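The next block is entry23.txt, given as compact mmCIF, C-alpha atoms.
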```
# COMPACT_ATOMS: atom_id res chain seq x y z
CA MET A 12 -25.18 -18.25 34.26
CA ILE A 13 -25.89 -21.63 32.67
CA HIS A 14 -29.40 -20.57 31.66
CA GLY A 15 -28.05 -17.32 30.17
CA THR A 16 -25.53 -19.26 28.13
CA ALA A 17 -28.22 -21.67 26.98
CA ARG A 18 -30.47 -18.79 25.90
CA ARG A 19 -27.63 -17.20 23.93
CA SER A 20 -26.87 -20.56 22.33
CA SER A 21 -30.54 -21.08 21.44
CA SER A 22 -30.81 -17.59 19.94
CA ARG A 23 -27.68 -18.17 17.91
CA GLN A 24 -29.05 -21.49 16.63
CA ASP A 25 -32.37 -19.83 15.70
CA LEU A 26 -30.53 -17.09 13.82
CA HIS A 27 -28.38 -19.71 12.12
CA ARG A 28 -31.48 -21.66 10.97
CA TYR A 29 -33.10 -18.47 9.72
CA LEU A 30 -30.03 -17.48 7.75
CA LEU A 31 -29.75 -20.93 6.21
CA HIS A 32 -33.41 -20.71 5.18
CA ARG A 33 -32.80 -17.33 3.57
CA GLN A 34 -29.63 -18.65 1.95
CA ARG A 35 -31.59 -21.41 0.21
CA GLN A 36 -33.96 -18.80 -1.21
CA HIS A 37 -31.04 -16.98 -2.79
CA TYR A 38 -29.03 -20.06 -3.81
CA LEU A 39 -29.85 -19.74 -7.49
CA PHE A 40 -28.93 -16.09 -7.44
CA VAL A 41 -25.51 -16.71 -5.91
CA PHE A 42 -24.46 -19.70 -7.96
CA GLY A 43 -24.63 -18.58 -11.53
CA LYS A 44 -28.19 -17.47 -12.20
CA ALA A 45 -27.88 -13.76 -11.54
CA ASP A 46 -26.56 -11.86 -14.53
CA SER A 47 -25.12 -8.42 -14.96
CA ALA A 48 -28.62 -7.01 -15.44
CA GLN A 49 -29.52 -8.01 -11.86
CA PRO A 50 -26.51 -7.06 -9.74
CA HIS A 51 -28.68 -6.48 -6.68
CA LEU A 52 -29.48 -10.20 -6.58
CA LYS A 53 -25.80 -11.10 -6.47
CA ASN A 54 -25.25 -8.54 -3.73
CA ARG A 55 -28.06 -9.98 -1.60
CA GLY A 56 -26.57 -13.47 -1.84
CA PHE A 57 -23.11 -12.10 -1.20
CA LEU A 58 -24.17 -10.21 1.93
CA LEU A 59 -26.11 -13.19 3.24
CA LEU A 60 -23.20 -15.58 2.85
CA SER A 61 -20.87 -13.03 4.41
CA LEU A 62 -23.15 -12.84 7.47
CA VAL A 63 -23.29 -16.63 7.77
CA SER A 64 -19.51 -16.77 7.45
CA SER A 65 -19.00 -14.13 10.13
CA ILE A 66 -21.18 -16.12 12.57
CA MET A 67 -19.77 -19.57 11.84
CA GLY A 68 -16.18 -18.68 10.97
CA ALA A 69 -13.15 -18.90 13.24
CA GLY A 70 -9.41 -18.57 13.05
CA GLY A 71 -7.36 -15.71 11.67
CA ARG A 72 -8.10 -12.02 12.05
CA MET A 73 -8.81 -9.68 9.19
CA THR A 74 -9.13 -5.95 8.96
CA GLU A 75 -12.65 -4.58 8.79
CA LYS A 76 -12.26 -3.71 5.12
CA GLU A 77 -10.98 -7.18 4.30
CA ARG A 78 -13.79 -8.86 6.22
CA GLU A 79 -16.31 -6.88 4.20
CA LYS A 80 -14.66 -8.30 1.08
CA GLN A 81 -13.81 -11.79 2.31
CA GLU A 82 -16.45 -13.34 0.06
CA LEU A 83 -15.61 -12.32 -3.48
CA LEU A 84 -17.68 -13.10 -6.53
CA GLY A 85 -15.22 -14.63 -8.99
CA ARG A 86 -15.17 -12.68 -12.21
CA ALA A 87 -14.46 -15.84 -14.18
CA GLY A 88 -16.80 -18.23 -12.45
CA ALA A 89 -20.33 -16.88 -12.89
CA GLY A 90 -20.92 -16.25 -9.23
CA GLU A 91 -18.16 -18.49 -7.86
CA ILE A 92 -17.34 -17.57 -4.28
CA PHE A 93 -14.01 -17.72 -2.52
CA GLN A 94 -12.61 -16.26 0.67
CA ARG A 95 -9.60 -13.99 0.75
CA ALA A 96 -6.78 -14.95 3.05
CA PRO A 97 -6.33 -12.74 6.11
CA THR A 98 -3.40 -10.34 5.98
CA ASP A 99 -3.09 -9.23 9.60
CA LYS A 100 -0.20 -10.71 11.53
CA PRO A 101 -1.59 -13.97 12.94
CA ALA A 102 -2.17 -14.41 16.65
CA PHE A 103 -0.29 -17.72 16.55
CA THR A 104 3.43 -18.26 16.09
CA LEU A 105 5.43 -20.77 14.08
CA ALA A 106 6.40 -22.49 17.33
CA GLN A 107 2.73 -22.93 18.24
CA ILE A 108 2.01 -24.43 14.83
CA LYS A 109 4.93 -26.82 15.20
CA LYS A 110 3.80 -27.83 18.68
CA ALA A 111 0.44 -28.95 17.24
CA ILE A 112 2.15 -31.42 14.89
CA PRO A 113 2.90 -34.89 16.32
CA PRO A 114 6.68 -35.22 16.77
CA HIS A 115 6.90 -38.37 14.65
CA CYS A 116 5.81 -36.34 11.60
CA PHE A 117 9.29 -34.81 11.53
CA GLN A 118 11.00 -38.21 11.47
CA ARG A 119 12.55 -39.33 8.16
CA SER A 120 12.98 -43.01 7.37
CA VAL A 121 15.51 -44.14 4.76
CA ILE A 122 13.66 -47.41 4.21
CA LYS A 123 10.24 -45.79 3.87
CA SER A 124 11.52 -43.04 1.58
CA PHE A 125 13.29 -45.54 -0.66
CA SER A 126 10.16 -47.69 -0.76
CA TYR A 127 8.36 -44.87 -2.57
CA VAL A 128 11.22 -44.49 -5.04
CA VAL A 129 11.19 -48.23 -5.77
CA TYR A 130 7.40 -48.23 -6.02
CA ASP A 131 7.40 -45.45 -8.62
CA LEU A 132 10.28 -46.95 -10.59
CA VAL A 133 8.55 -50.35 -10.74
CA ILE A 134 5.43 -48.71 -12.17
CA ILE A 135 7.53 -46.74 -14.66
CA ALA A 136 9.31 -49.93 -15.75
CA SER A 137 5.99 -51.75 -16.10
CA LEU A 138 4.51 -48.98 -18.23
CA LEU A 139 7.68 -48.89 -20.32
CA TYR A 140 7.43 -52.65 -20.89
CA ALA A 141 3.83 -52.20 -22.02
CA ALA A 142 4.91 -49.45 -24.42
CA LEU A 143 7.72 -51.53 -25.91
CA VAL A 144 6.02 -54.93 -26.05
CA TRP A 145 2.26 -54.70 -25.85
CA ILE A 146 1.39 -51.49 -27.68
CA PRO A 147 3.35 -52.35 -30.89
CA ALA A 148 1.49 -55.68 -31.01
CA LEU A 149 -1.89 -53.95 -31.13
CA PRO A 150 -3.73 -53.14 -34.37
CA ALA A 151 -2.90 -49.71 -35.74
CA MET A 152 -6.17 -48.10 -34.66
CA GLN A 153 -5.86 -49.42 -31.11
CA GLN A 154 -2.31 -48.11 -30.92
CA LEU A 155 -3.66 -44.62 -31.54
CA GLY A 156 -5.61 -44.92 -28.31
CA ALA A 157 -3.01 -46.86 -26.33
CA TRP A 158 -0.14 -44.41 -26.76
CA PRO A 159 -1.99 -41.43 -25.19
CA LEU A 160 -2.93 -43.66 -22.25
CA TYR A 161 0.72 -44.60 -21.81
CA TRP A 162 1.83 -40.96 -22.05
CA ALA A 163 -0.70 -39.80 -19.48
CA ALA A 164 0.04 -42.59 -17.00
CA GLN A 165 3.81 -42.44 -17.41
CA GLY A 166 3.84 -38.66 -17.17
CA CYS A 167 1.90 -38.73 -13.90
CA VAL A 168 4.13 -41.37 -12.30
CA MET A 169 7.26 -39.54 -13.47
CA THR A 170 5.85 -36.41 -11.82
CA GLY A 171 5.76 -38.41 -8.59
CA VAL A 172 9.47 -39.17 -9.06
CA TRP A 173 10.08 -35.46 -9.58
CA VAL A 174 8.34 -34.78 -6.26
CA LEU A 175 10.58 -37.30 -4.48
CA ALA A 176 13.67 -35.61 -5.90
CA HIS A 177 12.27 -32.25 -4.78
CA GLU A 178 11.90 -33.74 -1.32
CA CYS A 179 15.59 -34.66 -1.38
CA GLY A 180 16.38 -31.01 -2.04
CA HIS A 181 14.56 -30.09 1.17
CA HIS A 182 16.47 -32.72 3.19
CA ALA A 183 13.14 -34.48 3.79
CA PHE A 184 14.19 -37.83 2.30
CA SER A 185 16.48 -39.04 5.10
CA ASP A 186 18.62 -37.87 7.99
CA TYR A 187 21.70 -38.02 5.75
CA LEU A 188 22.27 -34.93 3.62
CA LEU A 189 24.77 -36.66 1.32
CA LEU A 190 22.32 -39.48 0.61
CA ASP A 191 19.54 -36.97 -0.08
CA ASN A 192 21.73 -35.09 -2.55
CA ILE A 193 22.84 -38.26 -4.37
CA VAL A 194 19.29 -39.56 -4.75
CA GLY A 195 17.97 -36.14 -5.73
CA LEU A 196 20.75 -35.60 -8.27
CA VAL A 197 20.10 -38.96 -9.96
CA LEU A 198 16.31 -38.63 -10.05
CA HIS A 199 16.21 -35.00 -11.17
CA SER A 200 18.93 -35.51 -13.78
CA CYS A 201 16.84 -38.31 -15.30
CA LEU A 202 14.10 -35.70 -15.74
CA LEU A 203 16.57 -33.15 -17.17
CA VAL A 204 16.38 -30.97 -14.07
CA PRO A 205 19.62 -29.42 -12.72
CA TYR A 206 19.26 -30.67 -9.15
CA PHE A 207 21.51 -28.36 -7.12
CA SER A 208 20.81 -25.34 -9.32
CA TRP A 209 17.09 -25.59 -8.77
CA LYS A 210 17.52 -26.65 -5.13
CA TYR A 211 19.21 -23.33 -4.33
CA SER A 212 16.75 -21.12 -6.21
CA HIS A 213 13.85 -23.07 -4.72
CA ARG A 214 15.30 -22.65 -1.24
CA ARG A 215 15.25 -18.88 -1.74
CA HIS A 216 11.65 -19.14 -2.92
CA HIS A 217 10.76 -20.80 0.39
CA ALA A 218 12.66 -18.12 2.28
CA ASN A 219 10.81 -15.28 0.51
CA THR A 220 7.39 -16.60 -0.48
CA GLY A 221 4.88 -13.83 -1.08
CA SER A 222 7.49 -11.07 -1.27
CA LEU A 223 7.20 -8.82 -4.31
CA GLU A 224 10.88 -7.89 -4.08
CA HIS A 225 12.60 -11.14 -3.12
CA ASP A 226 10.50 -14.18 -4.07
CA GLU A 227 12.15 -16.27 -6.79
CA VAL A 228 9.27 -17.49 -8.95
CA TYR A 229 5.71 -16.53 -9.90
CA VAL A 230 6.51 -12.97 -8.94
CA PRO A 231 3.55 -10.88 -10.12
CA LYS A 232 4.05 -7.51 -11.75
CA LYS A 233 2.42 -4.27 -10.75
CA LYS A 234 0.10 -2.73 -13.31
CA GLU A 235 2.51 0.04 -14.28
CA ALA A 236 5.22 -2.54 -15.05
CA LEU A 237 3.15 -4.49 -17.57
CA PRO A 238 4.08 -4.33 -21.25
CA TRP A 239 1.65 -2.47 -23.49
CA TYR A 240 0.35 -5.61 -25.19
CA THR A 241 -0.77 -7.34 -21.97
CA PRO A 242 -4.51 -6.49 -22.27
CA TYR A 243 -4.60 -7.86 -25.81
CA ILE A 244 -3.32 -11.24 -24.61
CA TYR A 245 -5.18 -11.76 -21.35
CA ASN A 246 -8.45 -9.98 -22.05
CA ASN A 247 -9.57 -12.28 -24.83
CA PRO A 248 -10.12 -16.06 -24.73
CA VAL A 249 -7.83 -16.85 -27.67
CA GLY A 250 -4.86 -14.97 -26.24
CA ARG A 251 -5.49 -16.41 -22.80
CA LEU A 252 -5.63 -19.95 -24.18
CA GLY A 253 -2.40 -19.35 -26.07
CA TYR A 254 -0.74 -18.14 -22.87
CA ILE A 255 -1.84 -21.27 -21.01
CA VAL A 256 -0.62 -23.59 -23.78
CA VAL A 257 2.78 -21.89 -23.89
CA GLN A 258 3.08 -22.09 -20.12
CA LEU A 259 2.20 -25.78 -20.03
CA THR A 260 4.58 -26.77 -22.82
CA LEU A 261 7.49 -24.34 -22.45
CA GLY A 262 7.02 -22.73 -19.04
CA TRP A 263 9.29 -25.04 -17.02
CA PRO A 264 12.24 -25.22 -19.45
CA MET A 265 11.94 -21.45 -20.05
CA TYR A 266 12.13 -20.81 -16.32
CA LEU A 267 15.24 -22.98 -15.99
CA ALA A 268 16.96 -21.49 -19.04
CA LEU A 269 15.69 -17.89 -19.08
CA ASN A 270 14.23 -17.26 -15.61
CA THR A 271 10.81 -16.63 -17.14
CA SER A 272 8.30 -15.64 -14.43
CA GLY A 273 11.20 -15.41 -11.98
CA ARG A 274 12.53 -12.59 -9.88
CA PRO A 275 14.26 -9.86 -11.92
CA TYR A 276 18.04 -9.68 -11.65
CA PRO A 277 20.42 -6.97 -12.88
CA ARG A 278 21.74 -9.31 -15.59
CA PHE A 279 20.90 -12.52 -17.42
CA VAL A 280 19.90 -15.44 -15.18
CA CYS A 281 20.03 -19.12 -16.08
CA HIS A 282 19.88 -22.19 -13.85
CA TYR A 283 22.65 -23.78 -15.92
CA ASP A 284 25.07 -20.87 -15.45
CA PRO A 285 27.34 -21.41 -12.42
CA TYR A 286 28.49 -17.78 -12.60
CA GLY A 287 25.02 -16.27 -12.79
CA PRO A 288 23.83 -13.78 -10.16
CA MET A 289 21.55 -16.42 -8.66
CA TYR A 290 24.43 -18.39 -7.12
CA SER A 291 27.17 -17.73 -4.60
CA GLU A 292 30.76 -18.84 -4.99
CA LEU A 293 30.16 -21.74 -2.62
CA GLU A 294 27.29 -22.99 -4.80
CA ARG A 295 29.05 -22.84 -8.17
CA ALA A 296 30.78 -26.22 -7.96
CA GLN A 297 27.46 -27.95 -7.34
CA VAL A 298 25.86 -26.10 -10.24
CA PHE A 299 28.60 -27.63 -12.43
CA ILE A 300 27.68 -31.06 -11.02
CA SER A 301 24.02 -30.41 -11.84
CA ASP A 302 24.94 -29.48 -15.41
CA ALA A 303 27.03 -32.65 -15.69
CA GLY A 304 24.07 -34.76 -14.58
CA VAL A 305 21.73 -33.22 -17.15
CA LEU A 306 24.40 -33.52 -19.84
CA ALA A 307 24.99 -37.21 -19.05
CA VAL A 308 21.28 -38.02 -19.40
CA SER A 309 21.06 -35.95 -22.60
CA LEU A 310 23.95 -37.92 -24.11
CA ALA A 311 22.26 -41.18 -23.11
CA LEU A 312 19.10 -40.04 -24.89
CA LEU A 313 21.14 -39.23 -28.00
CA LYS A 314 22.60 -42.74 -27.89
CA LEU A 315 19.11 -44.20 -27.67
CA ALA A 316 17.96 -42.01 -30.55
CA SER A 317 20.84 -43.20 -32.72
CA ALA A 318 20.04 -46.82 -31.87
CA PHE A 319 16.24 -46.82 -32.00
CA GLY A 320 15.35 -43.59 -33.77
CA PHE A 321 14.42 -40.07 -32.74
CA TRP A 322 10.68 -40.69 -32.72
CA TRP A 323 11.14 -43.79 -30.57
CA VAL A 324 12.71 -41.61 -27.87
CA VAL A 325 9.96 -39.01 -28.28
CA ARG A 326 7.21 -41.62 -27.88
CA VAL A 327 8.78 -43.47 -24.98
CA TYR A 328 10.38 -40.61 -23.02
CA GLY A 329 9.80 -37.22 -24.63
CA VAL A 330 6.02 -36.98 -24.44
CA PRO A 331 5.83 -38.23 -20.83
CA LEU A 332 8.48 -35.65 -19.93
CA LEU A 333 6.34 -32.92 -21.52
CA ILE A 334 3.49 -34.07 -19.31
CA VAL A 335 5.76 -33.89 -16.26
CA ASN A 336 6.71 -30.34 -17.19
CA ALA A 337 3.05 -29.41 -17.66
CA TRP A 338 2.13 -30.82 -14.27
CA LEU A 339 4.95 -28.88 -12.61
CA VAL A 340 3.63 -25.64 -14.05
CA VAL A 341 0.02 -26.38 -13.11
CA ILE A 342 0.88 -27.47 -9.58
CA THR A 343 3.17 -24.56 -8.76
CA TYR A 344 1.19 -21.92 -10.66
CA LEU A 345 -2.09 -22.72 -8.92
CA ALA A 346 -0.42 -23.04 -5.51
CA HIS A 347 0.80 -19.44 -5.68
CA THR A 348 -1.50 -17.69 -8.15
CA HIS A 349 -5.06 -17.23 -6.89
CA PRO A 350 -7.30 -14.19 -6.33
CA ALA A 351 -7.56 -15.11 -2.65
CA LEU A 352 -3.81 -14.97 -2.04
CA PRO A 353 -2.03 -11.72 -1.11
CA HIS A 354 1.48 -10.52 -1.88
CA TYR A 355 3.45 -8.09 0.25
CA ASP A 356 6.07 -5.45 -0.33
CA SER A 357 8.99 -4.91 2.03
CA THR A 358 6.96 -2.67 4.34
CA GLU A 359 4.53 -5.48 5.23
CA TRP A 360 6.15 -8.81 4.36
CA ASP A 361 7.23 -11.27 7.00
CA TRP A 362 8.15 -14.92 6.58
CA LEU A 363 5.11 -16.46 8.28
CA ARG A 364 2.47 -14.49 6.40
CA GLY A 365 4.35 -15.14 3.17
CA ALA A 366 4.46 -18.87 3.82
CA LEU A 367 0.73 -18.84 4.55
CA ALA A 368 -0.02 -17.08 1.24
CA THR A 369 -0.19 -20.43 -0.53
CA MET A 370 -2.98 -22.76 -1.57
CA ASP A 371 -3.66 -26.45 -0.98
CA ARG A 372 -5.46 -28.23 -3.80
CA ASP A 373 -7.34 -31.53 -3.82
CA LEU A 374 -6.57 -33.56 -6.96
CA GLY A 375 -8.42 -36.71 -5.94
CA VAL A 376 -6.57 -39.91 -6.85
CA LEU A 377 -3.62 -37.88 -8.13
CA ASN A 378 -2.91 -36.75 -4.57
CA ARG A 379 -1.43 -40.18 -3.97
CA VAL A 380 0.35 -40.36 -7.33
CA PHE A 381 1.98 -36.97 -6.65
CA HIS A 382 2.85 -37.94 -3.06
CA ASN A 383 0.47 -35.32 -1.62
CA THR A 384 2.51 -32.39 -2.88
CA THR A 385 -0.63 -30.47 -3.86
CA ASP A 386 -2.93 -31.05 -0.89
CA THR A 387 -0.23 -30.42 1.74
CA HIS A 388 1.45 -27.40 0.15
CA VAL A 389 0.71 -25.05 3.04
CA ALA A 390 2.31 -27.39 5.58
CA HIS A 391 5.23 -27.88 3.21
CA HIS A 392 5.92 -24.15 3.14
CA LEU A 393 5.82 -24.01 6.92
CA PHE A 394 7.97 -27.12 7.54
CA SER A 395 9.62 -28.24 4.33
CA SER A 396 11.66 -31.03 5.96
CA ILE A 397 8.54 -33.05 6.83
CA PRO A 398 8.51 -36.13 4.54
CA HIS A 399 5.52 -36.46 2.27
CA TYR A 400 4.22 -39.58 4.02
CA HIS A 401 3.65 -37.52 7.19
CA ALA A 402 2.45 -34.35 5.47
CA MET A 403 -1.27 -35.17 5.52
CA GLU A 404 -1.20 -35.87 9.26
CA ALA A 405 0.69 -32.63 9.79
CA THR A 406 -1.83 -30.72 7.67
CA LYS A 407 -4.77 -32.05 9.68
CA ALA A 408 -2.98 -31.08 12.88
CA ILE A 409 -2.31 -27.47 11.90
CA LYS A 410 -5.64 -26.61 10.27
CA PRO A 411 -7.39 -25.78 13.57
CA ILE A 412 -4.52 -23.47 14.48
CA LEU A 413 -4.42 -21.72 11.10
CA GLY A 414 -8.17 -21.18 10.83
CA GLU A 415 -8.89 -18.70 8.02
CA TYR A 416 -5.19 -18.56 7.18
CA TYR A 417 -5.50 -22.07 5.73
CA GLN A 418 -6.53 -22.03 2.08
CA LEU A 419 -7.88 -25.06 0.18
CA GLU A 420 -9.45 -25.25 -3.26
CA SER A 421 -11.15 -28.21 -4.92
CA ASN A 422 -12.23 -26.63 -8.21
CA PRO A 423 -11.48 -28.65 -11.36
CA LEU A 424 -8.01 -27.93 -12.71
CA ALA A 425 -9.18 -26.55 -16.03
CA LYS A 426 -11.58 -24.13 -14.34
CA ALA A 427 -9.00 -23.05 -11.77
CA THR A 428 -6.29 -22.53 -14.38
CA TRP A 429 -8.60 -20.49 -16.61
CA ARG A 430 -9.78 -18.38 -13.67
CA SER A 431 -6.23 -17.61 -12.53
CA ALA A 432 -5.08 -16.79 -16.06
CA LYS A 433 -8.05 -14.45 -16.47
CA GLU A 434 -8.08 -12.74 -13.07
CA CYS A 435 -4.47 -12.82 -11.87
CA ILE A 436 -2.79 -10.52 -14.39
CA TYR A 437 -1.12 -8.02 -12.06
CA VAL A 438 -1.20 -6.98 -8.40
CA GLN A 439 -2.17 -3.69 -6.83
CA PRO A 440 -2.80 -2.40 -3.30
CA GLU A 441 -6.38 -1.85 -2.26
CA ASP A 442 -7.25 -0.68 1.25
CA ARG A 443 -4.01 -1.38 3.03
CA LYS A 444 -0.56 -0.14 2.15
CA GLY A 445 1.97 -2.87 1.48
CA VAL A 446 -0.63 -5.58 0.77
CA PHE A 447 -1.26 -6.39 -2.89
CA TRP A 448 -4.07 -8.35 -4.51
CA TYR A 449 -4.47 -9.76 -7.99
CA SER A 450 -6.57 -7.83 -10.49
CA ASN A 451 -7.39 -7.78 -14.20
CA LYS A 452 -8.87 -4.30 -14.60
CA PHE A 453 -7.51 -2.24 -17.51
```
Output the structure of this file as structure tokens.
Amino acid sequence: MIHGTARRSSSRQDLHRYLLHRQRQHYLFVFGKADSAQPHLKNRGFLLLSLVSSIMGAGGRMTEKEREKQELLGRAGAGEIFQRAPTDKPAFTLAQIKKAIPPHCFQRSVIKSFSYVVYDLVIIASLLYAALVWIPALPAMQQLGAWPLYWAAQGCVMTGVWVLAHECGHHAFSDYLLLDNIVGLVLHSCLLVPYFSWKYSHRRHHANTGSLEHDEVYVPKKKEALPWYTPYIYNNPVGRLGYIVVQLTLGWPMYLALNTSGRPYPRFVCHYDPYGPMYSELERAQVFISDAGVLAVSLALLKLASAFGFWWVVRVYGVPLLIVNAWLVVITYLAHTHPALPHYDSTEWDWLRGALATMDRDLGVLNRVFHNTTDTHVAHHLFSSIPHYHAMEATKAIKPILGEYYQLESNPLAKATWRSAKECIYVQPEDRKGVFWYSNKF
């Protein structure tokens, strides 16, 4: 029995070495050298990598059709390869995933959580001091370079504050709900975000992720529901670039004010409207409180503008806030909009598969600045009350359980954003009823 196992292991290793040797021969064909005039070369590389993946892979189950297509040649990436997420119901349960996570990962510390708030606020204050004292003392030409550095740095740190407020909305800041709401209200109001209003819509997003009918944001349209002008915008580089610029600059405030990219409702939806269809009667009072918080900060900004000038407020606060808004769009858009991620209609959707239809993303040093909100997004959708300082440990613990259901991308942001804007225009079913994939075919 032992010798038989050893022979099978040896044969498997020999086959593995052979396949790797063949893979090297086709490397140039797979990664960008094969053009449309030589499609057979791409197919050879594609089939080879699929075979290697089927031998070495483990984890989630896929249908036979999906396994044949698990390695897709990215239409935007000149031979870029990614793996589609499985869509079968997983063999594991949420309870099994939770059991794999060390119990202390679910513990929330008031002192530790506040230490991150203080840390970020100290950096923000230091950068603000530099902007008010050091930059004006520089020669004019050096100021032209110093201000963009301040904007970029301040915008990133303020995004970290936004993430901490978001954590309060998930009751992941402390064991005390009232404290979480007070901290979240103050921090989000300072960033002109209606805390409770967005908390409730975001909670419904977590409850319905991946559902075409009930998800709250980044809900893709079916092809037949697209407006007539869609191909003229997305199928040319200029229109696509314009779409990305509008999303980065106006996407977040348009979502809050107009529900842009959100779930359709029978009437007008606005995060500032306590009587909108998005909120229940029990939630209306807190929506008023959210509006009051945003209004108070807006009035404070008007006071500062009257004292120091409009452009002073724009330089010190306005531009960093625009960067925060851009980061929010990039982070959330790329976490939920990817050719490898499925969506489901009501005949197929369930909470676990929807929660797994998300993407982790490695942003390098910014992972720490953003409190790991991007590289632990999958774990966050499974257990949103885990504080960010335990999220990486939780992610490492669940990856062996999730297997192919765990999705991670490390492509540069610009490349990933362009690819999603080009390829993820609408969704349509392919080989399985109720399961929808992104497409850009017109």
Report summary line: Trp173 (chain A) proximity check over A:Thr220, A:Ser120, A:Thr384, A:Gln439, using only C-alpha atoms: winner is A:Thr384
Report task. Considering only C-alpha atoms, return as a PyMOL selection string whatever protein or nucleic-acid residues lie within 12 Å of Ala163 (chain A), sequence-local ones (same chain, fewer than 2 positions apart) excluded. Result -> chain A and resi 135+138+156-161+165-170+326-335+337-338+377
**Report entry** Spatial neighbours of Val172 (chain A), 12 Å, only C-alpha atoms, chain gap at least 4 places, as JSON, numbers by chain
**Finding:** {"A": [124, 125, 126, 127, 128, 129, 130, 131, 132, 133, 134, 135, 165, 166, 167, 168, 176, 177, 178, 179, 194, 195, 196, 197, 198, 199, 200, 201, 202, 204, 332, 335, 339, 380, 381, 382, 384]}
Just write the chosen residues, C-alpha atoms, as a tab-separated table (two decimals), in the coordinates of the input.
```
chain	number	residue	atom	x	y	z
A	124	SER	CA	11.52	-43.04	1.58
A	125	PHE	CA	13.29	-45.54	-0.66
A	126	SER	CA	10.16	-47.69	-0.76
A	127	TYR	CA	8.36	-44.87	-2.57
A	128	VAL	CA	11.22	-44.49	-5.04
A	129	VAL	CA	11.19	-48.23	-5.77
A	130	TYR	CA	7.40	-48.23	-6.02
A	131	ASP	CA	7.40	-45.45	-8.62
A	132	LEU	CA	10.28	-46.95	-10.59
A	133	VAL	CA	8.55	-50.35	-10.74
A	134	ILE	CA	5.43	-48.71	-12.17
A	135	ILE	CA	7.53	-46.74	-14.66
A	165	GLN	CA	3.81	-42.44	-17.41
A	166	GLY	CA	3.84	-38.66	-17.17
A	167	CYS	CA	1.90	-38.73	-13.90
A	168	VAL	CA	4.13	-41.37	-12.30
A	176	ALA	CA	13.67	-35.61	-5.90
A	177	HIS	CA	12.27	-32.25	-4.78
A	178	GLU	CA	11.90	-33.74	-1.32
A	179	CYS	CA	15.59	-34.66	-1.38
A	194	VAL	CA	19.29	-39.56	-4.75
A	195	GLY	CA	17.97	-36.14	-5.73
A	196	LEU	CA	20.75	-35.60	-8.27
A	197	VAL	CA	20.10	-38.96	-9.96
A	198	LEU	CA	16.31	-38.63	-10.05
A	199	HIS	CA	16.21	-35.00	-11.17
A	200	SER	CA	18.93	-35.51	-13.78
A	201	CYS	CA	16.84	-38.31	-15.30
A	202	LEU	CA	14.10	-35.70	-15.74
A	204	VAL	CA	16.38	-30.97	-14.07
A	332	LEU	CA	8.48	-35.65	-19.93
A	335	VAL	CA	5.76	-33.89	-16.26
A	339	LEU	CA	4.95	-28.88	-12.61
A	380	VAL	CA	0.35	-40.36	-7.33
A	381	PHE	CA	1.98	-36.97	-6.65
A	382	HIS	CA	2.85	-37.94	-3.06
A	384	THR	CA	2.51	-32.39	-2.88
```
Return as lines of an AutoDock Vina configuration file the centre and edge lengths, in Å with one decimal, of the box along x, y and z that encloses every atom of region 287-295 of chain A in the file, padded by 3 Å per side.
```
center_x = 26.2
center_y = -18.4
center_z = -7.7
size_x = 15.2
size_y = 15.2
size_z = 16.2
```
Report task. Please provide as a ChimeraX atom specification all residues within 8 Å of Leu203 (chain A), with the sequence filter that same-chain residues fewer than 4 positions apart are discarded (counting all atoms listed in the file). Result -> /A:199,305,308-309
**Report entry** Which residue of A:Ser421, A:Asn336, A:Ser222, A:Asn378 approaches Asp356 (chain A) most closely, using all atoms listed in the file
**Finding:** A:Ser222
Query raised in the report: So how many Å separate CA of Gln418 (chain A) and CA of Arg95 (chain A), to one decimal?
Result: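 Taking CA of Gln418 (chain A) and CA of Arg95 (chain A), their separation equals 8.7 Å.
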